[in-house]
Amino acid sequence: MHINLIKLIVLSSLMVLRLGAADIEISQTNESGIYKTNEEITWTISGKGFEQDATQIARYKLLRGGKDVVAEGSADLSQKPITLKSSLDKAGTFILHVQIPQEGDKPIKKDAGALIDPGNIKPSMPVPDDFDEFWQKQIARQNAIPMNPVLTEEKSLDPTVQSWLIDMDTIDGKRIRGRLVKPKATGKYPALLIVQWAGVYGLSPYWSLGQAKRGYLTLNLLAHDIPVNKDKAYYSEQSKGPLKGYTKIGNTNRDTSYFLRMFLSCDRGVEYLAQHPEWNGEVLMVTGGSQGGYQAFVAAGLNDKVTGVVASVPAGCDHTAPLADRAIGWPYWLSGDENNQDKITASRYYDGVNFASRITCPVLVGLGDPTSRSEGIIAAINQMKGPVETVVMPDANHRGPHKKYGARAEAWFNAAVKG
């Protein structure tokens, strides 16, 4: 796992969730949460801060690879802590789920994770032989269509920056939508492509503002071919109508997947920034979380003009994980249909792991939740050709808090803007 290049920044595995005075505390043998194969892991689950003599019935489940239950049960934590032992004879992960029901209220929940021999976690399938050929052909299709960017200036949220709505042409008569924001003073600036997490929604101007004030020429792209500044009712209608279940649209064929236009928009976004007269010609970063992290891997894998990636809990890695007896992560390409050969074949051309194998620039990655599966992300990291810094967050959920990752991301953005 690029041992000389990766700096594992690990949050403590002594994790406490506080809801008023009631806590669940989980500790494990190694504070790093990282183990060798066949190394025994001891998990201890305690209940803290409950009313004296109150029953604390905890239900727990320990899963290998997020899929196979290796231990489960329930016990009264007011009597004594629960102790579990586990080990794994091959590279992979454990996830421990714990919850204590609360009468008349939501249960108190806590998750914890462990990585076993992460440097040897591999993709479930190899890169298709014609992966590069397919994407070069798609990019050539897009490049044959002029960008035709249309910029509509909008009122800026800050007097030191300028802001425009932007849309550009792409394949099949579709458009790419977004917002361009840059420092108001004419100059040469590092560029930053911001790509979005999953869902159907508009783009807040605040999502670009901070980076433009920092000194970036920023382009924030919407994942869909819809306007970026409509009201909530519009996006709700789109989500319930033509974009309902968009991740599954066309997912049995590589030529019809909904992600095709989305991924080409990432490449076109990079190209737009690279030809912008105020790009400094040196720094061109891509950043996003979840689906945005997925797209960030895609952008850097398709276009070597990208000089750095900052990705939080990137989704879309290792779509064929069930074939390696691992739980599948978002967008759950094969979920409930693991033997569908058409879906298996199509998914491989859209797998973040395979784009990652083409990345040579520096990458910052945050991981640690069951939505964007750690096995898939680490399999992707292990394929990267450049330096990688990994922030492991064994107690994080998908939406955060990701404080340790956030601190490192800030450091990366501040360093990159200075060259």
# chains A, B, ... in the order shown; residues from 1 in each chain; ligands from 1
$ residues_around --residues "Lys230 (chain A)" --least-positions-apart "3" --cutoff "10 Å" --atoms "only C-alpha atoms" --output "JSON, numbers by chain"
{"A": [201, 202, 203, 226, 227, 233, 234, 235]}
$ write_last_selection --atoms "all heavy atoms" --output "short mmCIF file (atom, residue, chain, number, x, y, z; two decimals), in the first residue's frame"
data_model
loop_
_atom_site.label_atom_id
_atom_site.label_comp_id
_atom_site.auth_asym_id
_atom_site.auth_seq_id
_atom_site.Cartn_x
_atom_site.Cartn_y
_atom_site.Cartn_z
N TYR A 201 -30.05 17.91 -6.59
CA TYR A 201 -30.12 19.18 -5.88
C TYR A 201 -29.38 20.23 -6.70
O TYR A 201 -28.71 19.91 -7.69
CB TYR A 201 -29.49 19.06 -4.49
CG TYR A 201 -28.09 18.46 -4.51
CD1 TYR A 201 -26.97 19.26 -4.72
CD2 TYR A 201 -27.89 17.08 -4.36
CE1 TYR A 201 -25.70 18.71 -4.77
CE2 TYR A 201 -26.64 16.53 -4.41
CZ TYR A 201 -25.53 17.35 -4.62
OH TYR A 201 -24.28 16.80 -4.68
N GLY A 202 -29.50 21.50 -6.29
CA GLY A 202 -28.78 22.57 -6.96
C GLY A 202 -27.41 22.80 -6.34
O GLY A 202 -26.98 22.06 -5.44
N LEU A 203 -26.72 23.81 -6.83
CA LEU A 203 -25.40 24.16 -6.32
C LEU A 203 -25.47 25.43 -5.49
O LEU A 203 -25.87 26.48 -6.00
CB LEU A 203 -24.41 24.37 -7.46
CG LEU A 203 -24.06 23.16 -8.34
CD1 LEU A 203 -23.07 23.59 -9.43
CD2 LEU A 203 -23.49 22.03 -7.51
N ILE A 226 -29.14 19.39 -15.48
CA ILE A 226 -30.29 20.17 -15.07
C ILE A 226 -29.78 21.51 -14.54
O ILE A 226 -28.62 21.63 -14.17
CB ILE A 226 -31.14 19.46 -13.98
CG1 ILE A 226 -30.27 19.09 -12.77
CG2 ILE A 226 -31.83 18.23 -14.56
CD1 ILE A 226 -31.04 18.45 -11.63
N PRO A 227 -30.62 22.54 -14.50
CA PRO A 227 -30.17 23.84 -13.98
C PRO A 227 -29.66 23.74 -12.54
O PRO A 227 -30.11 22.89 -11.77
CB PRO A 227 -31.42 24.71 -14.06
CG PRO A 227 -32.26 24.07 -15.12
CD PRO A 227 -32.01 22.60 -15.00
N ALA A 233 -38.51 22.49 -4.90
CA ALA A 233 -39.61 21.75 -5.53
C ALA A 233 -39.18 21.18 -6.88
O ALA A 233 -39.54 20.05 -7.24
CB ALA A 233 -40.82 22.65 -5.69
N TYR A 234 -38.39 21.95 -7.61
CA TYR A 234 -37.92 21.48 -8.92
C TYR A 234 -37.07 20.23 -8.78
O TYR A 234 -37.26 19.24 -9.49
CB TYR A 234 -37.12 22.59 -9.62
CG TYR A 234 -36.41 22.12 -10.87
CD1 TYR A 234 -37.08 22.03 -12.08
CD2 TYR A 234 -35.06 21.74 -10.83
CE1 TYR A 234 -36.44 21.59 -13.23
CE2 TYR A 234 -34.42 21.30 -11.97
CZ TYR A 234 -35.11 21.23 -13.17
OH TYR A 234 -34.46 20.78 -14.30
N TYR A 235 -36.13 20.27 -7.84
CA TYR A 235 -35.24 19.11 -7.67
C TYR A 235 -35.98 17.91 -7.11
O TYR A 235 -35.67 16.76 -7.44
CB TYR A 235 -34.04 19.49 -6.79
CG TYR A 235 -33.21 20.59 -7.42
CD1 TYR A 235 -33.19 21.87 -6.87
CD2 TYR A 235 -32.50 20.36 -8.58
CE1 TYR A 235 -32.46 22.88 -7.46
CE2 TYR A 235 -31.77 21.38 -9.18
CZ TYR A 235 -31.76 22.64 -8.62
OH TYR A 235 -31.05 23.65 -9.21
#
$ residues_around --residues "region 245-248 of chain A" --least-positions-apart "4" --cutoff "9 Å" --atoms "only C-alpha atoms" --output "list of chain:residue names"
A:Gly199, A:Ser239, A:Lys240, A:Thr252, A:Ser257, A:Tyr258, A:Phe259, A:Pro331, A:Tyr332, A:Trp333
$ write_last_selection --atoms "N, CA, C and O atoms" --output "short mmCIF file (atom, residue, chain, number, x, y, z; two decimals), in the first residue's frame"
data_model
loop_
_atom_site.label_atom_id
_atom_site.label_comp_id
_atom_site.auth_asym_id
_atom_site.auth_seq_id
_atom_site.Cartn_x
_atom_site.Cartn_y
_atom_site.Cartn_z
N GLY A 199 -27.18 12.51 -5.22
CA GLY A 199 -28.46 13.15 -5.00
C GLY A 199 -28.83 14.08 -6.13
O GLY A 199 -28.07 14.28 -7.09
N SER A 239 -36.07 14.33 -8.87
CA SER A 239 -35.66 13.15 -8.11
C SER A 239 -36.74 12.07 -8.14
O SER A 239 -36.43 10.87 -8.16
N LYS A 240 -38.00 12.48 -8.14
CA LYS A 240 -39.10 11.53 -8.17
C LYS A 240 -39.47 11.13 -9.59
O LYS A 240 -40.20 10.14 -9.78
N THR A 252 -26.72 -1.86 -17.49
CA THR A 252 -26.39 -3.17 -18.05
C THR A 252 -25.51 -3.07 -19.28
O THR A 252 -25.15 -4.09 -19.88
N SER A 257 -24.74 3.67 -19.62
CA SER A 257 -24.75 4.00 -18.20
C SER A 257 -24.95 5.50 -17.98
O SER A 257 -24.37 6.33 -18.68
N TYR A 258 -25.74 5.83 -16.98
CA TYR A 258 -25.96 7.24 -16.61
C TYR A 258 -24.64 7.92 -16.26
O TYR A 258 -24.49 9.14 -16.45
N PHE A 259 -23.69 7.14 -15.76
CA PHE A 259 -22.41 7.73 -15.35
C PHE A 259 -21.54 8.16 -16.54
O PHE A 259 -20.56 8.87 -16.33
N PRO A 331 -22.41 2.83 -5.66
CA PRO A 331 -23.86 2.87 -5.90
C PRO A 331 -24.54 1.50 -5.99
O PRO A 331 -25.58 1.38 -6.62
N TYR A 332 -23.93 0.49 -5.37
CA TYR A 332 -24.55 -0.83 -5.26
C TYR A 332 -24.93 -1.40 -6.64
O TYR A 332 -26.03 -1.87 -6.86
N TRP A 333 -23.97 -1.34 -7.56
CA TRP A 333 -24.22 -1.68 -8.97
C TRP A 333 -24.83 -3.08 -9.11
O TRP A 333 -25.74 -3.29 -9.90
#
$ select_by_dssp --residues "region 111-330 of chain A" --states "strand (DSSP E)" --output "PyMOL selection string"
chain A and resi 111-116+150-154+161-169+175-183+189-195+217-221+279-289+308-312
$ closest_residue --among "A:Val306, A:Ile116, A:Ala212, A:Cys266" --to "Met168 (chain A)" --atoms "only C-alpha atoms"
A:Cys266
$ atom_distance --atom1 "CA of Ala396 (chain A)" --atom2 "CA of Val313 (chain A)"
9.8 Å
$ closest_residue --among "A:Thr37, A:Ser78, A:Ser208, A:Thr42" --to "Thr55 (chain A)" --atoms "only C-alpha atoms"
A:Ser78
$ closest_residue --among "A:Arg348, A:Lys343, A:Lys106, A:His398" --to "Trp330 (chain A)" --atoms "only C-alpha atoms"
A:His398
$ closest_residue --among "A:Tyr35, A:Tyr405, A:Trp207, A:Tyr349" --to "Leu180 (chain A)" --atoms "only C-alpha atoms"
A:Trp207
$ atom_distance --atom1 "CA of Lys418 (chain A)" --atom2 "CA of Gly187 (chain A)"
14.2 Å
